[in-house]
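Shown next: work.txt, given as compact mmCIF, C-alpha atoms.
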# COMPACT_ATOMS: atom_id res chain seq x y z
CA MET A 24 -40.96 -30.46 20.21
CA THR A 25 -37.84 -28.62 21.34
CA TYR A 26 -34.57 -29.87 22.79
CA ILE A 27 -32.21 -28.28 25.29
CA ALA A 28 -28.77 -27.28 23.97
CA THR A 29 -25.94 -24.98 25.04
CA LYS A 30 -24.87 -21.88 23.15
CA VAL A 31 -21.33 -20.55 23.57
CA ILE A 32 -20.91 -16.87 22.78
CA ILE A 33 -17.46 -15.44 22.11
CA VAL A 34 -17.00 -11.71 21.48
CA THR A 35 -13.48 -10.99 20.32
CA GLU A 36 -11.21 -9.44 17.67
CA LYS A 37 -11.85 -10.24 14.05
CA ILE A 38 -8.16 -10.80 13.46
CA ILE A 39 -8.17 -14.12 15.36
CA LEU A 40 -11.39 -15.50 13.83
CA LYS A 41 -9.61 -18.27 11.92
CA ARG A 42 -7.69 -19.46 14.96
CA VAL A 43 -10.77 -19.34 17.21
CA ALA A 44 -12.67 -21.36 14.60
CA GLU A 45 -9.96 -24.03 14.75
CA VAL A 46 -10.25 -24.22 18.52
CA ILE A 47 -14.04 -24.53 18.26
CA GLU A 48 -13.81 -27.41 15.82
CA GLN A 49 -11.10 -29.19 17.81
CA ALA A 50 -13.19 -28.92 20.97
CA GLY A 51 -16.17 -30.54 19.30
CA GLY A 52 -18.24 -27.69 17.86
CA SER A 53 -19.75 -28.70 14.55
CA GLY A 54 -20.52 -25.20 13.28
CA TYR A 55 -20.71 -21.56 14.24
CA THR A 56 -22.20 -18.19 13.26
CA VAL A 57 -20.15 -14.99 13.01
CA ILE A 58 -21.71 -11.54 13.41
CA ALA A 59 -20.03 -8.12 13.14
CA SER A 60 -20.01 -6.66 16.61
CA GLY A 61 -19.21 -3.61 18.67
CA GLY A 62 -19.72 -2.17 22.12
CA LYS A 63 -17.86 -1.10 25.21
CA GLY A 64 -15.55 -3.11 27.39
CA SER A 65 -12.40 -2.96 29.46
CA ARG A 66 -10.39 -2.07 26.36
CA GLY A 67 -12.52 0.84 25.21
CA ILE A 68 -15.32 1.39 22.75
CA ARG A 69 -15.52 -0.51 19.47
CA THR A 70 -17.97 0.63 16.85
CA THR A 71 -19.52 -1.47 14.12
CA GLY A 72 -19.13 -0.61 10.48
CA SER A 73 -17.05 2.53 10.97
CA ALA A 74 -14.53 3.63 8.37
CA ALA A 75 -11.71 2.31 10.51
CA VAL A 76 -8.59 2.23 8.43
CA VAL A 77 -7.81 -1.24 9.64
CA ASP A 78 -10.87 -3.40 9.24
CA ASP A 79 -9.14 -6.34 10.93
CA PHE A 80 -9.30 -4.53 14.25
CA SER A 81 -13.08 -4.59 14.38
CA ASN A 82 -14.84 -7.01 16.71
CA ILE A 83 -16.96 -10.03 16.01
CA LYS A 84 -19.41 -12.19 17.94
CA ILE A 85 -19.19 -15.92 17.39
CA GLU A 86 -22.05 -18.21 18.39
CA VAL A 87 -21.70 -21.96 18.69
CA VAL A 88 -24.69 -24.15 19.55
CA THR A 89 -24.04 -27.68 20.70
CA MET A 90 -26.03 -30.50 22.33
CA ASP A 91 -22.92 -31.52 24.28
CA ARG A 92 -22.61 -29.42 27.43
CA ASP A 93 -19.00 -30.59 28.03
CA ALA A 94 -17.97 -29.57 24.52
CA ALA A 95 -19.49 -26.12 25.13
CA GLU A 96 -17.48 -25.65 28.31
CA ARG A 97 -14.37 -26.94 26.58
CA ILE A 98 -14.77 -24.41 23.76
CA ALA A 99 -15.22 -21.50 26.17
CA THR A 100 -12.29 -22.52 28.37
CA ASN A 101 -9.91 -23.28 25.51
CA VAL A 102 -10.64 -20.01 23.70
CA ALA A 103 -10.22 -17.98 26.87
CA GLU A 104 -6.97 -19.71 27.84
CA LYS A 105 -5.46 -19.54 24.41
CA PHE A 106 -6.31 -16.00 23.35
CA PHE A 107 -7.58 -13.68 26.05
CA GLN A 108 -4.16 -13.04 27.55
CA ASP A 109 -3.16 -11.04 24.48
CA TYR A 110 -6.39 -10.30 22.63
CA SER A 111 -9.52 -8.65 23.94
CA GLY A 112 -12.56 -10.85 24.32
CA ILE A 113 -15.28 -12.28 26.52
CA THR A 114 -17.09 -15.58 26.49
CA TYR A 115 -20.24 -16.91 28.13
CA LEU A 116 -22.72 -19.78 27.88
CA GLU A 117 -26.48 -19.79 27.47
CA THR A 118 -29.02 -22.58 27.58
CA VAL A 119 -31.16 -22.51 24.48
CA GLU A 120 -34.03 -24.49 23.03
CA ILE A 121 -33.48 -25.88 19.57
CA LEU A 122 -35.40 -27.67 16.87
CA ARG A 123 -33.91 -30.34 14.62
CA PRO A 124 -31.20 -31.69 16.99
CA HIS A 125 -29.37 -33.49 14.18
CA LYS A 126 -28.15 -30.08 12.96
CA PHE A 127 -26.03 -29.68 16.07
CA MET B 12 20.29 32.92 6.21
CA GLU B 13 18.93 33.45 2.72
CA PHE B 14 18.96 29.70 2.21
CA ILE B 15 16.86 29.15 5.30
CA LEU B 16 14.37 31.84 4.25
CA ASN B 17 14.08 30.29 0.78
CA PHE B 18 13.65 26.94 2.40
CA LEU B 19 10.81 28.13 4.66
CA GLY B 20 9.17 29.95 1.75
CA SER B 21 9.13 26.84 -0.42
CA LEU B 22 7.91 24.78 2.50
CA LEU B 23 4.99 27.17 2.92
CA ASN B 24 4.19 26.90 -0.81
CA GLN B 25 3.99 23.14 -0.50
CA PHE B 26 1.28 23.41 2.13
CA GLN B 27 -1.04 24.84 -0.52
CA SER B 28 -0.80 21.60 -2.45
CA PRO B 29 -4.32 20.16 -2.77
CA THR B 30 -3.09 16.79 -1.50
CA LEU B 31 -1.89 18.24 1.82
CA ALA B 32 -4.95 20.48 2.04
CA PHE B 33 -7.27 17.45 1.94
CA LEU B 34 -5.25 15.77 4.70
CA LEU B 35 -5.48 18.85 6.92
CA GLY B 36 -9.18 19.15 6.01
CA GLY B 37 -9.77 15.61 7.24
CA ILE B 38 -8.05 16.40 10.54
CA LEU B 39 -10.21 19.53 10.96
CA LEU B 40 -13.42 17.63 10.18
CA ALA B 41 -12.65 15.04 12.84
CA ALA B 42 -11.59 17.73 15.31
CA PHE B 43 -14.96 19.45 14.91
CA GLN B 44 -16.69 16.08 15.37
CA SER B 45 -18.23 16.14 11.91
CA LYS B 46 -20.70 13.35 11.22
CA LEU B 47 -19.25 12.84 7.76
CA GLN B 48 -18.41 9.18 7.26
CA ILE B 49 -16.63 7.56 4.39
CA PRO B 50 -17.47 3.86 4.21
CA ASP B 51 -14.79 1.25 4.66
CA ALA B 52 -15.54 -0.12 1.18
CA ILE B 53 -14.68 3.25 -0.42
CA TYR B 54 -11.43 3.35 1.49
CA LYS B 55 -10.50 -0.12 0.27
CA PHE B 56 -11.45 0.78 -3.29
CA CYS B 57 -9.29 3.92 -3.19
CA VAL B 58 -6.30 1.94 -1.98
CA PHE B 59 -6.85 -0.66 -4.69
CA MET B 60 -7.14 1.97 -7.44
CA LEU B 61 -4.04 3.87 -6.35
CA LEU B 62 -1.83 0.80 -6.09
CA MET B 63 -3.15 -0.70 -9.31
CA ARG B 64 -2.35 2.55 -11.10
CA ILE B 65 1.12 2.74 -9.53
CA GLY B 66 1.77 -0.92 -10.39
CA LEU B 67 0.60 -0.59 -14.00
CA GLU B 68 2.76 2.46 -14.61
CA GLY B 69 5.79 0.80 -13.01
CA GLY B 70 5.26 -2.45 -14.91
CA MET B 71 4.97 -0.67 -18.25
CA GLU B 72 8.16 1.27 -17.55
CA ILE B 73 10.13 -1.81 -16.47
CA ARG B 74 8.93 -3.55 -19.66
CA ASP B 75 10.33 -0.75 -21.79
CA GLY B 76 13.39 0.05 -19.70
CA LYS B 77 16.35 -1.42 -17.94
CA ILE B 78 15.62 -3.48 -14.86
CA GLU B 79 19.26 -3.41 -13.66
CA ASP B 80 18.87 0.27 -12.71
CA MET B 81 16.59 -0.94 -9.95
CA PHE B 82 19.18 -3.12 -8.19
CA LEU B 83 21.05 -0.52 -6.15
CA PRO B 84 17.93 1.41 -5.01
CA ALA B 85 16.23 -1.91 -4.14
CA PHE B 86 19.25 -2.92 -2.07
CA ILE B 87 19.17 0.46 -0.31
CA ALA B 88 15.44 -0.01 0.34
CA VAL B 89 16.02 -3.39 2.03
CA THR B 90 18.89 -1.96 4.11
CA ILE B 91 16.83 1.01 5.29
CA GLY B 92 13.82 -1.19 6.09
CA CYS B 93 15.92 -3.41 8.38
CA GLY B 94 18.02 -0.50 9.71
CA ILE B 95 14.96 1.45 10.90
CA VAL B 96 13.82 -1.46 13.06
CA PHE B 97 17.26 -1.96 14.63
CA LEU B 98 17.47 1.78 15.25
CA GLY B 99 14.08 1.72 16.98
CA ARG B 100 15.18 -1.30 19.02
CA VAL B 101 18.12 0.64 20.50
CA THR B 102 16.48 4.09 20.78
CA LEU B 103 12.74 3.90 21.44
CA ALA B 104 12.95 0.65 23.41
CA ALA B 105 15.53 2.18 25.77
CA LEU B 106 13.28 5.07 26.82
CA PRO B 107 11.57 5.04 30.22
CA GLY B 108 8.01 3.71 30.35
CA VAL B 109 8.30 2.01 26.98
CA LYS B 110 7.79 -1.74 26.80
CA THR B 111 10.38 -3.39 24.56
CA GLU B 112 7.93 -5.43 22.48
CA ASP B 113 5.73 -2.35 21.96
CA ALA B 114 8.80 -0.41 20.82
CA ILE B 115 9.87 -3.13 18.38
CA ALA B 116 6.38 -3.32 16.88
CA THR B 117 6.29 0.48 16.54
CA ALA B 118 9.69 0.52 14.84
CA GLY B 119 8.50 -2.27 12.53
CA LEU B 120 5.52 -0.20 11.49
CA PHE B 121 7.72 2.84 10.84
CA GLY B 122 10.08 0.70 8.79
CA ALA B 123 7.16 -0.58 6.74
CA VAL B 124 5.65 1.56 4.01
CA SER B 125 2.41 3.54 3.65
CA ALA B 126 0.75 3.32 0.24
CA SER B 127 -1.18 6.55 0.77
CA THR B 128 1.96 8.53 1.66
CA LEU B 129 3.68 7.14 -1.43
CA ALA B 130 0.74 8.05 -3.69
CA ALA B 131 0.56 11.55 -2.17
CA ALA B 132 4.26 12.09 -2.90
CA MET B 133 3.82 10.97 -6.51
CA VAL B 134 1.02 13.47 -7.08
CA ILE B 135 2.95 16.28 -5.38
CA LEU B 136 6.02 15.49 -7.52
CA ASP B 137 3.83 15.64 -10.63
CA GLU B 138 2.44 19.00 -9.49
CA ASN B 139 6.00 20.25 -9.16
CA GLU B 140 6.92 18.70 -12.52
CA VAL B 141 9.69 16.65 -10.95
CA PHE B 142 10.70 13.59 -12.98
CA TYR B 143 11.16 10.19 -11.34
CA GLU B 144 11.58 6.68 -12.74
CA ALA B 145 8.15 4.99 -12.74
CA TRP B 146 9.63 1.87 -11.14
CA VAL B 147 10.61 3.71 -7.95
CA PRO B 148 7.21 3.04 -6.27
CA ALA B 149 7.87 -0.65 -6.92
CA LEU B 150 10.60 -0.40 -4.24
CA TYR B 151 7.71 -0.46 -1.72
CA PRO B 152 7.81 -4.23 -0.95
CA PHE B 153 11.63 -4.21 -0.75
CA MET B 154 11.42 -2.00 2.33
CA ASP B 155 8.05 -3.07 3.71
CA ILE B 156 8.48 -6.83 4.04
CA PRO B 157 12.05 -6.89 5.49
CA ALA B 158 11.06 -4.31 8.12
CA LEU B 159 8.09 -6.38 9.31
CA ILE B 160 10.16 -9.58 9.34
CA VAL B 161 13.00 -7.99 11.34
CA ALA B 162 10.50 -6.55 13.84
CA ILE B 163 8.78 -9.88 14.36
CA VAL B 164 12.09 -11.77 14.69
CA LEU B 165 13.53 -9.20 17.14
CA ALA B 166 10.34 -9.26 19.24
CA ASN B 167 10.42 -13.05 19.38
CA ILE B 168 14.08 -13.13 20.41
CA TYR B 169 13.34 -10.62 23.16
CA LEU B 170 10.21 -12.38 24.42
CA THR B 171 11.93 -15.79 24.42
CA LYS B 172 14.81 -14.39 26.46
CA LYS B 173 12.43 -12.72 28.90
CA LYS B 174 10.49 -15.92 29.50
CA LYS B 175 13.68 -17.99 29.45
CA GLY B 176 11.49 -20.65 27.92
CA ALA B 177 12.10 -22.94 25.03
CA GLU B 178 13.09 -21.07 21.91
CA THR B 179 10.18 -20.59 19.56
CA LYS B 180 11.32 -20.49 15.97
CA VAL B 181 9.97 -17.64 13.90
CA LYS B 182 8.72 -18.85 10.57
CA ILE B 183 9.75 -16.23 8.01
CA TRP B 184 7.85 -17.63 5.03
CA PRO B 185 4.33 -17.13 6.49
CA ILE B 186 5.19 -13.48 7.21
CA ILE B 187 6.22 -12.96 3.58
CA THR B 188 3.12 -14.63 2.15
CA GLU B 189 0.89 -12.78 4.64
CA SER B 190 2.42 -9.45 3.54
CA LEU B 191 2.15 -10.25 -0.15
CA ARG B 192 -1.50 -11.27 0.28
CA GLY B 193 -2.34 -7.94 1.95
CA SER B 194 -4.73 -5.76 -0.05
CA ALA B 195 -2.19 -3.06 -0.89
CA LEU B 196 0.69 -5.26 -2.01
CA SER B 197 -1.49 -7.68 -4.00
CA ALA B 198 -2.89 -4.78 -6.02
CA LEU B 199 0.59 -3.35 -6.58
CA ILE B 200 2.08 -6.67 -7.67
CA LEU B 201 -0.87 -7.51 -9.92
CA GLY B 202 -0.53 -4.07 -11.51
CA LEU B 203 3.20 -4.61 -12.06
CA ALA B 204 2.56 -7.99 -13.66
CA LEU B 205 -0.20 -6.63 -15.90
CA GLY B 206 2.03 -3.72 -16.93
CA LEU B 207 4.89 -6.11 -17.70
CA PHE B 208 3.07 -8.86 -19.55
CA ALA B 209 -0.14 -7.32 -20.90
CA GLN B 210 -0.80 -4.17 -22.91
CA PRO B 211 -2.84 -2.16 -20.39
CA GLU B 212 -2.09 1.27 -21.95
CA LYS B 213 -5.72 1.93 -22.96
CA VAL B 214 -7.31 1.07 -19.61
CA TYR B 215 -4.48 2.84 -17.81
CA GLU B 216 -4.94 6.07 -19.75
CA GLY B 217 -8.73 5.89 -19.82
CA PHE B 218 -9.50 4.77 -16.28
CA TYR B 219 -6.74 4.35 -13.69
CA ASP B 220 -4.64 7.40 -14.43
CA PRO B 221 -7.46 10.03 -14.65
CA LEU B 222 -9.05 8.83 -11.39
CA PHE B 223 -5.75 8.80 -9.47
CA ARG B 224 -5.79 12.36 -8.17
CA GLY B 225 -9.47 12.39 -7.28
CA LEU B 226 -9.34 9.16 -5.32
CA LEU B 227 -6.16 10.26 -3.60
CA SER B 228 -7.96 13.37 -2.32
CA VAL B 229 -10.65 11.12 -0.79
CA LEU B 230 -7.99 8.89 0.74
CA MET B 231 -6.17 11.90 2.20
CA LEU B 232 -9.44 13.05 3.80
CA ILE B 233 -9.88 9.61 5.38
CA MET B 234 -6.27 9.53 6.59
CA GLY B 235 -6.75 12.95 8.21
CA MET B 236 -9.96 11.91 9.96
CA GLU B 237 -8.39 8.66 11.11
CA ALA B 238 -5.30 10.48 12.38
CA TYR B 239 -7.33 12.71 14.67
CA THR B 240 -9.55 9.87 15.90
CA ARG B 241 -6.53 7.73 16.81
CA LEU B 242 -4.96 10.52 18.85
CA ASN B 243 -7.09 9.35 21.78
CA GLU B 244 -5.34 6.00 21.71
CA LEU B 245 -1.94 7.61 21.70
CA ARG B 246 -2.84 9.70 24.75
CA LYS B 247 -3.19 6.51 26.79
CA VAL B 248 0.41 5.38 26.22
CA ALA B 249 3.82 6.83 27.11
CA HIS B 250 4.55 10.28 25.66
CA TRP B 251 7.77 8.97 24.18
CA TYR B 252 5.75 7.36 21.40
CA ALA B 253 4.55 10.79 20.25
CA VAL B 254 8.14 12.07 20.29
CA TYR B 255 9.37 9.06 18.34
CA ALA B 256 6.47 9.29 15.88
CA ALA B 257 7.22 12.98 15.22
CA LEU B 258 10.99 12.64 14.78
CA ALA B 259 11.45 9.17 13.29
CA PRO B 260 9.76 9.76 9.89
CA LEU B 261 12.01 12.74 9.16
CA ALA B 262 15.16 11.03 10.46
CA HIS B 263 14.45 7.92 8.35
CA GLY B 264 13.60 10.06 5.32
CA LEU B 265 16.82 12.06 5.57
CA VAL B 266 18.97 8.93 5.91
CA ALA B 267 17.27 7.50 2.81
CA PHE B 268 17.75 10.81 1.04
CA SER B 269 21.51 10.68 1.59
CA LEU B 270 21.74 7.02 0.54
CA GLY B 271 19.63 7.89 -2.52
CA TYR B 272 22.10 10.70 -3.26
CA VAL B 273 24.91 8.12 -3.29
CA ALA B 274 22.88 6.08 -5.80
CA HIS B 275 22.39 9.29 -7.81
CA ILE B 276 26.15 9.72 -8.08
CA LEU B 277 26.88 6.03 -8.72
CA THR B 278 24.11 5.07 -11.12
CA GLY B 279 22.36 8.29 -12.09
CA PHE B 280 19.28 7.63 -9.92
CA SER B 281 17.00 10.61 -10.64
CA PRO B 282 16.49 13.40 -8.06
CA GLY B 283 12.75 12.64 -8.12
CA GLY B 284 13.63 9.02 -7.38
CA VAL B 285 15.76 10.12 -4.43
CA ILE B 286 12.80 12.12 -3.08
CA LEU B 287 10.43 9.16 -3.45
CA LEU B 288 12.92 6.84 -1.75
CA ALA B 289 13.07 9.27 1.17
CA VAL B 290 9.25 9.41 1.28
CA ILE B 291 8.99 5.60 1.28
CA ALA B 292 11.52 5.41 4.13
CA GLY B 293 9.78 8.16 6.11
CA SER B 294 6.33 6.63 5.77
CA SER B 295 4.83 4.20 8.27
CA SER B 296 2.47 1.41 7.35
CA ASP B 297 -1.25 1.95 7.92
CA ILE B 298 -2.97 -0.87 6.02
CA SER B 299 -1.11 -4.15 5.94
CA GLY B 300 1.44 -3.67 8.70
CA PRO B 301 -0.80 -3.41 11.79
CA PRO B 302 -2.72 -6.70 11.31
CA THR B 303 0.51 -8.57 10.51
CA LEU B 304 2.16 -7.27 13.69
CA ARG B 305 -0.96 -7.83 15.80
CA ALA B 306 -1.05 -11.45 14.72
CA ALA B 307 2.70 -12.06 15.04
CA ILE B 308 3.48 -10.08 18.24
CA PRO B 309 0.19 -10.46 20.15
CA SER B 310 1.60 -9.23 23.47
CA ALA B 311 2.50 -5.82 22.01
CA ASN B 312 -0.15 -3.19 22.72
CA PRO B 313 -1.68 -2.14 19.37
CA SER B 314 -2.55 1.32 20.72
CA THR B 315 1.16 2.13 20.86
CA TYR B 316 2.08 1.32 17.29
CA ILE B 317 -1.19 2.19 15.54
CA GLY B 318 -1.52 5.40 17.54
CA SER B 319 2.06 6.44 16.79
CA SER B 320 1.86 5.58 13.12
CA THR B 321 -1.62 6.74 12.13
CA SER B 322 -2.10 9.77 14.35
CA VAL B 323 1.38 11.32 14.26
CA GLY B 324 3.74 9.42 11.93
CA THR B 325 1.67 9.55 8.74
CA PRO B 326 0.57 13.22 8.97
CA ILE B 327 4.20 14.24 9.67
CA ALA B 328 5.53 12.05 6.85
CA ILE B 329 3.07 13.62 4.39
CA ALA B 330 2.73 17.21 5.54
CA VAL B 331 6.30 17.87 6.66
CA GLY B 332 8.37 15.08 5.09
CA ILE B 333 7.33 15.39 1.44
CA PRO B 334 7.78 19.21 1.22
CA LEU B 335 11.05 18.92 3.14
CA TYR B 336 12.61 16.42 0.71
CA ILE B 337 11.41 18.40 -2.32
CA VAL B 338 12.92 21.62 -1.02
CA LEU B 339 16.08 19.76 -0.03
CA ALA B 340 16.32 18.24 -3.51
CA GLN B 341 15.85 21.66 -5.07
CA ALA B 342 18.83 22.87 -3.06
CA VAL B 343 21.04 19.78 -3.49
CA PHE B 344 20.35 19.01 -7.15
CA GLU B 345 19.88 22.69 -8.12
CA MET B 346 16.56 21.90 -9.79

Here is the file; what I need is its structure written in the form of C-alpha cells.
Amino acid sequence: MTYIATKVIIVTEKIILKRVAEVIEQAGGSGYTVIASGGKGSRGIRTTGSAAVVDDFSNIKIEVVTMDRDAAERIATNVAEKFFQDYSGITYLETVEILRPHKF
Amino acid sequence: MEFILNFLGSLLNQFQSPTLAFLLGGILLAAFQSKLQIPDAIYKFCVFMLLMRIGLEGGMEIRDGKIEDMFLPAFIAVTIGCGIVFLGRVTLAALPGVKTEDAIATAGLFGAVSASTLAAAMVILDENEVFYEAWVPALYPFMDIPALIVAIVLANIYLTKKKKGAETKVKIWPIITESLRGSALSALILGLALGLFAQPEKVYEGFYDPLFRGLLSVLMLIMGMEAYTRLNELRKVAHWYAVYAALAPLAHGLVAFSLGYVAHILTGFSPGGVILLAVIAGSSSDISGPPTLRAAIPSANPSTYIGSSTSVGTPIAIAVGIPLYIVLAQAVFEM
C-alpha cells in the first residue's frame, strides 16, 4: 500500500545549507536528505568532488518529502524568496509515492 | 644601474626555488588541461599539517622567549589589515565598471592572509638561511580577522545607505568566531597552544617538521592549478580586478615592509621578520576568507573576489612578492 506525498527538491550552494535547513523546519518539513551535487546552470558549470580550493562553494541537492502539500509549497517559496536573490539555486516539486507515512 | 642589475639577478635566482617551481608547474599542468587531480581531502590535510607545524614552532618559541616583542608587530599587522580594506574602498571601488560591494569584498580578501603564501615564504627564507622569529607567523590572525571584519562592516554601511532602509547592525562577534573556527586558523591556534603548554618537541621534530617541505610542494601544485582554472571566472568581470590583483599584493607588501623596518629600528624586529610581515600583508586569503565573505556579503559577486585573489593575487604574492622582499631586505639590511 503506497501513499501520495510531495517531494521538494532544492539545488543550491553548500554554504547556505544550515540556513536552508532552518527554513525547511520552520515551514513544516520534518526531515531532509542532502546529496553532493553538480551540473550546469545560469551561473556556470559546477563539478562534484573536484579539488576546488574552497569546498564551501560546491553545490548540494536537498530533498524534503512531506505529506502536507501546503508545507511543500511553503518550503519552496520561502527558500526561493529568502536566498535566490543572492545565491544560486533552483527548486521544484514532485509527486512521489511513499511507504510508511508516519515517517513523514 | 648596478643595483638594478643585482636586483634582477637575485630575482631570477629566486625563481629557481623549488617552492616557486611547483607553483609554476601547477599553472602549466592546468594550462595543458592535464587530467591530474589532487583530492580535496589531500588539500585539507596539507593545510592542516602546515599550520600545525607553524603553530607548534611559534608556540614553543613564545614559551621560551619574550612575548612583549610581539606587541609592536602585532599592532602593525592589525593596522595594515584594516588599512588595506580602506585603501581598496577608495581606490578599487572608484574605478569604472566596479560594483562597490564587490570591491569591498575583494579588498577584504586581499587584507586577509593566505596560509599557503606564508608557508611558502617560510621555506624560501630557510633556503636562503634568513633568520626570523618563530612567532612571526602567529601574526596571521592579527591581520586576517580585522581585515574581514572591516570589509563586512564597510559593505553593510554601503548597502544600508544604498537601500536607505533601516540600519542593519553588523554583529562583529560571529565574524570573529567564524574566522577562528575556519580550518586554517583552528590548526594554527591549536598548534600554538600545544607548543606553549605541552612538550611537543619529539612529534614536531619527528613528524611535522620533516613533512613540511614535501607537503608544501603539493600545496603549491594545487594553488597553481587552481589559479589557472579560476582565470576563467576573472575573465567574466571588469578588467580592473586583474589590475588591482596584480598591483595590490606588492603595494601592500611594500607598505608592510616599511612599517616592519620601523619596528626593526625601534625594537630590533629581525630582517627575516620584516620580510614575513611583508609577505603576510601581500597575501590574499584563499581558504577561510571567501566563505566568510560569501556568507556575510551575499550580494557581492564571488567571481570578482575569488578570481582576483586565487588566479592573480596569490601567484603574484608568491612568485613576485616573496623574491622582491628578500632582495629588498638584502639591499636594505645589507645581509

Nearest to Ser21 in chain B, chosen from B:Asn139, B:Lys180, B:Ala256, B:Met63, with all atoms listed in the file counted in the distances: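 Of B:Asn139, B:Lys180, B:Ala256, B:Met63, the one nearest Ser21 in chain B is B:Asn139, counting all atoms listed in the file.
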
May I have a table of the residues of chain B lying at most 8 Å from chain A, giving each one's closest pair of atoms and their distance in Å to one decimal, counting all atoms listed in the file, ordered by chain and ascending residue number, as CSV?
residue,atom,partner,partner_atom,distance
B:Gln48,CA,A:Ala74,CA,6.9
B:Ile49,CA,A:Ala74,CA,6.0
B:Pro50,CA,A:Ala74,CA,5.1
B:Asp51,CA,A:Ala74,CA,4.4
B:Tyr54,CA,A:Ala74,CA,7.6
B:Met234,CA,A:Val76,CA,7.9
B:Glu237,CA,A:Val76,CA,7.0
B:Asp297,CA,A:Val76,CA,7.4
B:Ile298,CA,A:Val77,CA,6.1
B:Pro301,CA,A:Val77,CA,7.6
B:Pro302,CA,A:Asp79,CA,6.4
B:Ala306,CA,A:Ile38,CA,7.2
B:Pro309,CA,A:Asp109,CA,5.5
B:Ser310,CA,A:Asp109,CA,5.2

Print the selection's residues with C-alpha atoms to a file, as an mmCIF file, in the coordinates of the input.
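Once written, selection_23.cif looks like this:
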data_model
loop_
_atom_site.group_PDB
_atom_site.id
_atom_site.type_symbol
_atom_site.label_atom_id
_atom_site.label_comp_id
_atom_site.auth_asym_id
_atom_site.auth_seq_id
_atom_site.Cartn_x
_atom_site.Cartn_y
_atom_site.Cartn_z
ATOM 1 C CA GLN B 48 -18.410 9.180 7.260
ATOM 2 C CA ILE B 49 -16.630 7.560 4.390
ATOM 3 C CA PRO B 50 -17.470 3.860 4.210
ATOM 4 C CA ASP B 51 -14.790 1.250 4.660
ATOM 5 C CA TYR B 54 -11.430 3.350 1.490
ATOM 6 C CA MET B 234 -6.270 9.530 6.590
ATOM 7 C CA GLU B 237 -8.390 8.660 11.110
ATOM 8 C CA ASP B 297 -1.250 1.950 7.920
ATOM 9 C CA ILE B 298 -2.970 -0.870 6.020
ATOM 10 C CA PRO B 301 -0.800 -3.410 11.790
ATOM 11 C CA PRO B 302 -2.720 -6.700 11.310
ATOM 12 C CA ALA B 306 -1.050 -11.450 14.720
ATOM 13 C CA PRO B 309 0.190 -10.460 20.150
ATOM 14 C CA SER B 310 1.600 -9.230 23.470
#

Between CA of Gly122 in chain B and CA of Thr240 in chain B - distance in Å to one decimal: 22.8 Å

Using all atoms listed in the file, the residue out of B:Ala238, B:Leu205, B:Ala274, B:Leu227 with shortest distance to Glu72 in chain B is B:Leu205

Between CA of Val124 in chain B and CA of Ala292 in chain B, what distance in Å does the model show, to one decimal?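 Straight-line distance from CA of Val124 in chain B to CA of Ala292 in chain B works out to 7.0 Å.
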
Show which residues sit within 9 Å of Arg97 in chain A, as a short mmCIF file (atom, residue, chain, number, x, y, z; two decimals) with C-alpha atoms, in the coordinates of the input. Count all atoms listed in the file, and ignore same-chain residues fewer than 6 positions away.
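around19.cif written:
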data_model
loop_
_atom_site.label_atom_id
_atom_site.label_comp_id
_atom_site.auth_asym_id
_atom_site.auth_seq_id
_atom_site.Cartn_x
_atom_site.Cartn_y
_atom_site.Cartn_z
CA ILE A 47 -14.04 -24.53 18.26
CA ALA A 50 -13.19 -28.92 20.97
CA GLY A 51 -16.17 -30.54 19.30
#

Non-local contacts of Val46 in chain A (8 Å; all atoms listed in the file; under 6 positions in same chain excluded) as a list in words: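 Everything that qualifies: Ile98, Asn101 and Val102 of chain A.
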
Go ahead and compute the interatomic distance for CA of Glu120 in chain A and CA of Ile58 in chain A, in Å to one decimal.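 Separation between CA of Glu120 in chain A and CA of Ile58 in chain A: 20.3 Å.
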
Residue nearest Ser294 in chain B among B:Ile327, B:Val164, B:Phe82, B:Lys46 (counting all atoms listed in the file): B:Ile327

My list of candidates is B:Leu62, B:Ala104, B:Leu304, B:Leu22. Which is closest to Leu129 in chain B when distances are computed with only C-alpha atoms? B:Leu62

Around all the atoms of range 205-210 of chain B listed in the file, with 3 Å of room on each side, what axis-aligned box do you get, giving centre and edge lengths in Å to one decimal, as lines of an AutoDock Vina configuration file?
center_x = 2.0
center_y = -6.3
center_z = -19.4
size_x = 11.7
size_y = 11.1
size_z = 13.0

Rebuild range 95-102 of chain B to N, CA and C atoms - output it as a PDB file, in the coordinates of the input, please.
ATOM      1  N   ILE B  95      15.919   0.677  10.101  1.00  0.00           N
ATOM      2  CA  ILE B  95      14.960   1.450  10.900  1.00  0.00           C
ATOM      3  C   ILE B  95      14.527   0.659  12.132  1.00  0.00           C
ATOM      4  N   VAL B  96      14.295  -0.647  11.946  1.00  0.00           N
ATOM      5  CA  VAL B  96      13.820  -1.460  13.060  1.00  0.00           C
ATOM      6  C   VAL B  96      14.920  -1.608  14.122  1.00  0.00           C
ATOM      7  N   PHE B  97      16.157  -1.857  13.672  1.00  0.00           N
ATOM      8  CA  PHE B  97      17.260  -1.960  14.630  1.00  0.00           C
ATOM      9  C   PHE B  97      17.456  -0.643  15.373  1.00  0.00           C
ATOM     10  N   LEU B  98      17.333   0.455  14.635  1.00  0.00           N
ATOM     11  CA  LEU B  98      17.470   1.780  15.250  1.00  0.00           C
ATOM     12  C   LEU B  98      16.399   1.974  16.330  1.00  0.00           C
ATOM     13  N   GLY B  99      15.168   1.600  16.006  1.00  0.00           N
ATOM     14  CA  GLY B  99      14.080   1.720  16.980  1.00  0.00           C
ATOM     15  C   GLY B  99      14.318   0.829  18.186  1.00  0.00           C
ATOM     16  N   ARG B 100      14.910  -0.337  17.940  1.00  0.00           N
ATOM     17  CA  ARG B 100      15.180  -1.300  19.020  1.00  0.00           C
ATOM     18  C   ARG B 100      16.147  -0.714  20.037  1.00  0.00           C
ATOM     19  N   VAL B 101      17.126   0.086  19.562  1.00  0.00           N
ATOM     20  CA  VAL B 101      18.120   0.640  20.500  1.00  0.00           C
ATOM     21  C   VAL B 101      17.743   2.033  20.994  1.00  0.00           C
ATOM     22  N   THR B 102      16.854   2.752  20.293  1.00  0.00           N
ATOM     23  CA  THR B 102      16.480   4.090  20.780  1.00  0.00           C
ATOM     24  C   THR B 102      15.161   4.063  21.537  1.00  0.00           C
TER      25      THR B 102
END
